[in-house]
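S.K.: Let me give you the structure first, and then I'll get to my questions.
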Amino acid sequence: MRTTTYLGLAIGVAVVYWGVILKGGDVTIFQNWVAALIVAGGTFAATTLSSSRMTAVHGLSVARRIFVLRSATSREVAEELVSLARQAKARGPASLDPEAVKVRDPFLAKGLHLVVDGVEPQRIEELLRLESDILSEKRRAAERMFRLMGTYSPMFGLVGTLIGLIQMLKGLTDPRAIGQGMSVALMATFYGVLLAALIFLPLAGKVRTLDQDERLVRDQVVAGLVAIRLGQNPEYVRETMDTFSQKAPRA
Amino acid sequence: MRTTTYLGLAIGVAVVYWGVILKGGDVTIFQNWVAALIVAGGTFAATTLSSSRMTAVHGLSVARRIFVLRSATSREVAEELVSLARQAKARGPASLDPEAVKVRDPFLAKGLHLVVDGVEPQRIEELLRLESDILSEKRRAAERMFRLMGTYSPMFGLVGTLIGLIQMLKGLTDPRAIGQGMSVALMATFYGVLLAALIFLPLAGKVRTLDQDERLVRDQVVAGLVAIRLGQNPEYVRETMDTFSQKAPRA
Amino acid sequence: MRTTTYLGLAIGVAVVYWGVILKGGDVTIFQNWVAALIVAGGTFAATTLSSSRMTAVHGLSVARRIFVLRSATSREVAEELVSLARQAKARGPASLDPEAVKVRDPFLAKGLHLVVDGVEPQRIEELLRLESDILSEKRRAAERMFRLMGTYSPMFGLVGTLIGLIQMLKGLTDPRAIGQGMSVALMATFYGVLLAALIFLPLAGKVRTLDQDERLVRDQVVAGLVAIRLGQNPEYVRETMDTFSQKAPRA
Amino acid sequence: MRTTTYLGLAIGVAVVYWGVILKGGDVTIFQNWVAALIVAGGTFAATTLSSSRMTAVHGLSVARRIFVLRSATSREVAEELVSLARQAKARGPASLDPEAVKVRDPFLAKGLHLVVDGVEPQRIEELLRLESDILSEKRRAAERMFRLMGTYSPMFGLVGTLIGLIQMLKGLTDPRAIGQGMSVALMATFYGVLLAALIFLPLAGKVRTLDQDERLVRDQVVAGLVAIRLGQNPEYVRETMDTFSQKAPRA
Amino acid sequence: MRTTTYLGLAIGVAVVYWGVILKGGDVTIFQNWVAALIVAGGTFAATTLSSSRMTAVHGLSVARRIFVLRSATSREVAEELVSLARQAKARGPASLDPEAVKVRDPFLAKGLHLVVDGVEPQRIEELLRLESDILSEKRRAAERMFRLMGTYSPMFGLVGTLIGLIQMLKGLTDPRAIGQGMSVALMATFYGVLLAALIFLPLAGKVRTLDQDERLVRDQVVAGLVAIRLGQNPEYVRETMDTFSQKAPRA
């Protein structure tokens with residue numbers, strides 16, 4: 001996740017930067033704080049208005065996952081569940097207390113609590129699937145938020161350009177000054193389109209990819225915990241995990 | 001709901017206002033009553049034509065909820081239902097008459113009537129879910145209306161700009177006057193895009209968020225009332241309520 | 001239906017007309033028969049090509065309903081069914097012959113025939129629901145037609161403007177004549193966008209609203225006729241009708 | 001089908017032709033082979049690249065049906081099936097050999113083979129529905145192809161116009177020559193939009209309408225053949241056919 | 001697959017090339033490395049950001065299938081399965097070891113392993129359908145990737161053109177130099193639209209077509225293997241295969 005995130009962002013910024021330089025241009029031309037204010041502020045305002053406070057929480061949580069945290073890979077999750085299965089065989093399922101075994105993923109911890117409490121396997125699967133759906137719904141709320149931002153930012157780019165154009169044309173006496181005015185007015189559209197194409201829409205796509213991967217890993221956790229609850233031996237758990245690891249993404 | 005509504009609107013208006021000022025502009029340039037008439041009037045006309053009278057009623061009801069009323073939070077609803085459960089235990093379910101216990105939410109009042117009348121729990125759930133679906137459908141009608149307005153307003157912005165352009169170009173003899181004319185003509189597009197991006201489309205999104213939250217709270221009310229009807233003790237009702245409060249939004 | 005139709009149209013036309021006048025403009029500038037021919041003719045041609053003859057029939061039927069006929073309100077239908085229930089109680093169901101009781105709505109007439117013929121209640125409901133679905137499908141065909149027209153008309157507006165532009169630019173020798181030519185060329189776009197925003201797209205929305213209302217009234221008729229067929233007393237029929245009238249639109 | 005096809009095309013071409021003439025224009029201005037090559041060739045290339053060879057076969061088959069063949073109306077199909085039912089009564093179902101009774105529609109012929117072979121009625125219905133779905137899927141593939149062409153043709157119109165603009169602007173020394181160059185460059189956009197609005201998108205809509213009509217007629221054939229297989233008398237078959245003819249389109 | 005791929009690409013490139021030449025233009029004008037960098041680099045960056053590493057793997061796998069590999073036709077697959085059925089009859093199913101019979105398609109090989117291992121027919125069908133769904137999901141991931149690229153490339157075309165415009169207008173002193181600057185700025189839009197219309201969107205469509213064909217062939221393989229597992233004779237297998245070959249595409 002993080003690799004493609006930073007690689008994509010780095011290439012995108014570099015390409016636009018070099019594009020400006022290579023065209024023999026001065027980068028400072030492209031710094032226009034008023035245009036940036038209108039586009040970023042307007043997009044933020046429209047997104048705030050159309051959401052509830054929770055959407056921002058989901059958005060920040062997803063941003064943290066995409067930019068900061070390293071997701072556990074399918075193989076690591078497999079290793080963890082196999083070692084839990086070994087411990088359950090050796091010292092009994094009661095020894096799997098999440099605090100004792102130092103599990104950090106809250107979904108796995110919740111599942112272990114159910115195993116330790118001796119909940120029926122069918123019921124464990126049901127409860128964890130419900131939890132998985134709720135987590136997935138939060139990701140989708142964040143995806144919708146980023147997609148909305150990708151819709152609003154070019155619209156506020158247009159708003160900013162119209163403000164610039166109207167002011168410039170209003171005061172126009174010398175047609176030769178039109179170039180300078182247009183140049184400044186177009187900055188807002190430039191920001192709006194660039195933000196949508198390089199940040200908001202790709203991030204929405206990323207959240208979708210993230211959600212699919214996370215759901216797959218959670219399915220894996222559910223399958224592993226149910227096998228442990230049923231007292232299957234560690235070899236069986238490893239085989240079950242391998243089926244998932246085959247179809248799971250590597251990053 | 002109200003916090004994000006007013007915050008979003010305030011930021012949006014401030015950003016556009018400052019954008020105009022900071023560009024060294026005169027705000028009065030951006031007051032053009034003819035353009036405003038065409039955009040607002042045309043959008044209103046097209047929305048009227050495409051709707052029935054009820055749509056306006058749903059739209060106003062939703063606007064009141066978004067701008068004026070404070071929605072009961074999931075926790076407040078939980079408190080109210082737990083206290084109703086206590087009263088039912090202490091003085092019997094017949095004491096829960098909505099007028100007597102001063103319940104203001106019509107949905108809860110309707111449910112209490114059913115409890116007082118001794119309707120079967122299964123039937124209470126069925127009737128309240130049906131009522132919840134009807135209320136939700138009204139919200140969706142309002143959402144469609146705002147979304148339509150967000151589609152029509154840029155179209156009438158274009159209509160207004162075309163009117164201005166055609167008149168200006170028709171009478172054009174001095175090419176230097178083109179700037180002034182263009183400036184006025186573009187005002188309609190400015191209004192149309194701004195209304196869509198800052199008001200109509202975000203409001204449509206807001207109504208969707210509102211509908212999701214309201215449905216969650218109504219599900220909570222249904223679960224609480226059914227538990228009360230079944231004579232469950234207040235502790236049980238509180239636990240049921242807590243499950244809902246966990247997934248419920250905080251604003 | 002008719003109220004919002006004529007109100008919407010009147011406001012829309014007035015707003016555009018006043019917009020032209022208030023901008024100090026001459027309304028005759030906006031009469032361009034060639035542009036009108038290209039936009040209206042092209043839209044008509046493309047719609048004809050993409051439809052079968054039946055689509056036009058459905059479209060005209062819906063236009064008649066929207067512009068001319070007054071739809072029976074839910075309350076009127078309730079009154080009619082309650083009075084039919086009274087007559088069935090007093091003089092037997094055989095007296096409900098549609099010709100004798102002067103029923104004008106073909107759907108109700110068809111249902112009465114089934115009641116008079118003594119068809120099983122279950123079968124009556126089944127047959128009338130099928131008929132209701134077929135009627136609804138015709139409305140949806142008309143809705144699709146209006147939506148298509150709202151897509152084609154701006155495209156032919158662009159075609160007309162391109163024709164004007166190409167001719168004007170071809171013969172351009174004096175750059176000062178460009179204003180006049182542009183002004184005429186833009187007329188086609190003006191017509192195309194105005195037709196879509198003020199007529200075709202709102203009409204498509206209206207047909208959708210109409211279809212929803214009509215289906216609700218037909219559901220009411222079905223419920224009433226089944227109750228009459230089962231020999232329920234008029235009071236029961238009135239109560240059933242009232243449930244529908246509550247959720248039914250008022251216009 | 002053919003009536004509305006040719007009527008639509010004739011009106012569309014006439015309207016655009018008259019539009020050009022009435023604007024006092026020379027039609028030869030609008031003949032630009034390079035622009036036509038880029039738009040038609042590019043659209044053809046992109047459609048070829050995005051399809052397999054079969055899509056072209058389905059497209060040609062549908063074009064033949066729309067432009068050349070006269071579809072059997074619902075009433076004609078009814079007549080044919082009633083006469084087949086009579087023959088089956090008179091000389092036994094074995095006499096219905098498709099070659100002997102000169103049936104030209106391959107779907108009806110296939111069904112008659114099944115009747116002659118004495119296949120179970122249930123199985124006949126099942127096999128013919130499957131065949132009907134396969135035929136319908138081919139129509140939908142053709143619809144998708146035309147819709148794609150309607151998306152690609154304006155894009156290649158833009159490509160052609162950009163080629164013209166870039167070349168013209170590159171060599172621009174005398175600003176007065178800009179009109180002539182723009183005029184030629186805009187031709188490609190004109191072709192692209194006209195092809196999409198007058199040919200490709202309406203044809204996609206037409207194929208959809210055709211598919212709906214054909215499926216209805218095939219449903220009619222299935223109902224008729226099953227009735228014949230069950231040895232129903234011709235009067236029963238006629239009644240069944242009439243139900244279909246009522247909802248069937250007339251052209 | 002490959003035929004239509006290369007034919008489409010060749011026609012598309014030829015048409016654009018001839019368009020440039022025929023307009024009397026110098027092809028070298030259309031080589032602008034900065035514009036190419038911004039469009040291709042930006043599209044690559046946004047696609048990288050919105051995907052995970054696996055998407056690229058699926059994309060390359062699909063590109064290899066479309067451009068390099070020759071897909072086995074339905075008839076060839078039929079021949080192979082009939083010959084496998086003959087061998088199974090002659091020397092027993094155990095002789096069908098994929099390594100021994102030199103099967104190269106991994107899906108068929110996986111199926112043969114199941115047949116050799118004597119897995120139940122029902123279970124073979126179930127396992128192979130699951131595998132087929134997973135393979136199909138990978139194709140759809142690739143389709144989404146190409147469709148995203150077709151959305152991003154015109155957006156970065158616009159970004160490139162805005163960079164060029166802003167720089168050009170900023171430094172504009174002599175209005176006669178505007179032509180030259182515009183010409184260069186428009187190159188990015190030209191690249192962006194051309195890439196989307198000629199490469200990315202058609203490739204997305206192609207992957208969809210490919211996926212449908214592959215699924216049909218895999219269904220054929222499943223049907224053949226199940227028949228072999230059930231010990232059906234080669235004639236029966238050939239008949240089953242023929243049903244599929246009839247509806248299968250020829251290229």
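Ligands are numbered from 1 in the order shown, chains are lettered A, B, ... in the order of the structure tokens, and residues start at 1 in each chain.
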Could you list, as a list of chain:residue names, every residue within 8 Å of Val159 in chain C, counting only C-alpha atoms and ignoring same-chain residues fewer than 2 positions away?
M.R.: C:Met155, C:Phe156, C:Gly157, C:Thr161, C:Leu162, C:Ile163, C:Ala188, D:Phe190, D:Val193, D:Leu194
S.K.: Would you output that residue set with N, CA, C and O atoms, as an mmCIF file, in the first residue's frame?
M.R.:
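Output file part11.cif follows:
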```cif
data_model
loop_
_atom_site.group_PDB
_atom_site.id
_atom_site.type_symbol
_atom_site.label_atom_id
_atom_site.label_comp_id
_atom_site.auth_asym_id
_atom_site.auth_seq_id
_atom_site.Cartn_x
_atom_site.Cartn_y
_atom_site.Cartn_z
ATOM 1 N N MET C 155 -26.773 18.558 -28.085
ATOM 2 C CA MET C 155 -25.845 18.107 -29.130
ATOM 3 C C MET C 155 -26.172 18.788 -30.463
ATOM 4 O O MET C 155 -25.279 19.206 -31.189
ATOM 5 N N PHE C 156 -27.467 18.892 -30.792
ATOM 6 C CA PHE C 156 -27.824 19.565 -32.038
ATOM 7 C C PHE C 156 -27.656 21.071 -31.914
ATOM 8 O O PHE C 156 -27.436 21.758 -32.913
ATOM 9 N N GLY C 157 -27.749 21.584 -30.679
ATOM 10 C CA GLY C 157 -27.394 22.984 -30.475
ATOM 11 C C GLY C 157 -25.950 23.223 -30.855
ATOM 12 O O GLY C 157 -25.617 24.191 -31.558
ATOM 13 N N THR C 161 -24.428 25.530 -33.888
ATOM 14 C CA THR C 161 -23.411 26.550 -33.631
ATOM 15 C C THR C 161 -22.169 26.302 -34.470
ATOM 16 O O THR C 161 -21.566 27.243 -35.008
ATOM 17 N N LEU C 162 -21.781 25.030 -34.630
ATOM 18 C CA LEU C 162 -20.606 24.715 -35.454
ATOM 19 C C LEU C 162 -20.847 25.103 -36.907
ATOM 20 O O LEU C 162 -19.977 25.654 -37.575
ATOM 21 N N ILE C 163 -22.070 24.814 -37.434
ATOM 22 C CA ILE C 163 -22.405 25.220 -38.805
ATOM 23 C C ILE C 163 -22.233 26.730 -38.948
ATOM 24 O O ILE C 163 -21.577 27.214 -39.878
ATOM 25 N N ALA C 188 -28.099 28.653 -31.662
ATOM 26 C CA ALA C 188 -28.446 27.227 -31.679
ATOM 27 C C ALA C 188 -28.107 26.584 -30.343
ATOM 28 O O ALA C 188 -28.907 25.811 -29.790
ATOM 29 N N PHE D 190 -17.394 19.040 -35.968
ATOM 30 C CA PHE D 190 -18.724 19.009 -36.577
ATOM 31 C C PHE D 190 -19.083 17.580 -36.993
ATOM 32 O O PHE D 190 -20.154 17.066 -36.645
ATOM 33 N N VAL D 193 -19.514 15.198 -33.755
ATOM 34 C CA VAL D 193 -20.743 15.393 -32.989
ATOM 35 C C VAL D 193 -21.960 14.977 -33.816
ATOM 36 O O VAL D 193 -22.890 14.332 -33.308
ATOM 37 N N LEU D 194 -21.955 15.324 -35.123
ATOM 38 C CA LEU D 194 -23.099 14.984 -35.974
ATOM 39 C C LEU D 194 -23.264 13.470 -36.085
ATOM 40 O O LEU D 194 -24.380 12.939 -35.967
#
```
S.K.: Fewer than 4 positions away in the same chain doesn't count, so skip those; otherwise give me all residues within 7 Å of Met182 in chain A, counting only C-alpha atoms, as a short mmCIF file (atom, residue, chain, number, x, y, z; two decimals) with C-alpha atoms, in the first residue's frame.
M.R.:
```cif
data_model
loop_
_atom_site.label_atom_id
_atom_site.label_comp_id
_atom_site.auth_asym_id
_atom_site.auth_seq_id
_atom_site.Cartn_x
_atom_site.Cartn_y
_atom_site.Cartn_z
CA LEU A 165 -11.90 36.49 -15.43
CA ILE A 178 -5.51 40.31 -21.14
CA LEU A 186 -6.36 30.02 -15.08
CA LEU E 169 0.13 34.24 -21.22
#
```
S.K.: At a cut-off of 6 Å, list the chain A residues touching chain E, using only C-alpha atoms, as a list in words.
M.R.: Thr4, Thr5, Gly8, Ile11, Gly12, Val15, Gly19, Gly179, Gln180, Ser183, Leu198, Pro202, Leu203, Gly205, Lys206, Pro249 and Ala251 of chain A
S.K.: What lies within 10 Å of range 121-128 of chain B using only C-alpha atoms, ignoring chain neighbours under 5 positions off, as a PyMOL selection string?
M.R.: chain B and resi 107-108+110-115+133-134+218-219+221-223+225-230
S.K.: Excluding Arg140 in chain C and any residue of its chain fewer than 4 positions from it, enumerate the residues within 8 Å of it, using only C-alpha atoms, and give them as a PDB file with N, CA, C and O atoms, in the first residue's frame.
M.R.:
```
ATOM      1  N   SER C 136     -47.203   0.992 -16.205  1.00  0.00           N
ATOM      2  CA  SER C 136     -46.014   1.654 -15.671  1.00  0.00           C
ATOM      3  C   SER C 136     -44.866   1.587 -16.678  1.00  0.00           C
ATOM      4  O   SER C 136     -44.118   2.547 -16.843  1.00  0.00           O
ATOM      5  N   ARG C 144     -37.971   7.676 -20.779  1.00  0.00           N
ATOM      6  CA  ARG C 144     -36.713   7.489 -21.519  1.00  0.00           C
ATOM      7  C   ARG C 144     -36.677   8.373 -22.760  1.00  0.00           C
ATOM      8  O   ARG C 144     -35.648   8.940 -23.104  1.00  0.00           O
ATOM      9  N   VAL C 207     -42.572  12.828 -15.582  1.00  0.00           N
ATOM     10  CA  VAL C 207     -43.172  11.541 -15.937  1.00  0.00           C
ATOM     11  C   VAL C 207     -42.849  10.517 -14.851  1.00  0.00           C
ATOM     12  O   VAL C 207     -43.694   9.693 -14.481  1.00  0.00           O
ATOM     13  N   ARG C 208     -41.633  10.601 -14.296  1.00  0.00           N
ATOM     14  CA  ARG C 208     -41.255   9.682 -13.231  1.00  0.00           C
ATOM     15  C   ARG C 208     -42.136   9.891 -11.994  1.00  0.00           C
ATOM     16  O   ARG C 208     -42.643   8.936 -11.408  1.00  0.00           O
ATOM     17  N   ASP C 211     -45.594   8.641 -12.716  1.00  0.00           N
ATOM     18  CA  ASP C 211     -45.672   7.178 -12.671  1.00  0.00           C
ATOM     19  C   ASP C 211     -45.766   6.684 -11.230  1.00  0.00           C
ATOM     20  O   ASP C 211     -46.572   5.797 -10.918  1.00  0.00           O
TER      21      ASP C 211
END
```
S.K.: Within 6 Å of range 73-83 of chain B, counting only C-alpha atoms, which residues show up once you throw out same-chain ones fewer than 6 positions away? Write them as a compact mmCIF listing (two decimals) with N, CA and C atoms, in the first residue's frame, please.
M.R.:
```txt
# COMPACT_ATOMS: atom_id res chain seq x y z
N PRO B 234 -34.61 -2.98 32.58
CA PRO B 234 -33.89 -1.80 32.06
C PRO B 234 -32.43 -2.08 31.71
N ARG B 238 -30.56 -1.21 28.23
CA ARG B 238 -29.36 -0.38 28.13
C ARG B 238 -28.27 -1.07 27.28
N MET B 241 -29.15 -0.86 23.68
CA MET B 241 -28.95 0.51 23.21
C MET B 241 -27.46 0.78 22.96
N SER B 245 -25.31 2.59 19.93
CA SER B 245 -24.56 3.83 20.13
C SER B 245 -23.13 3.70 19.65
```
S.K.: Extract the full set of helix (DSSP H, G or I) residues from range 78-189 of chain D according to DSSP on the backbone, and format it as a ChimeraX atom specification.
M.R.: /D:78-91,93-96,106-116,121-170,175-189
S.K.: Rounded to one decimal, what separation in Å do you get between CA of Arg215 in chain C and CA of Gly59 in chain C?
M.R.: 17.7 Å
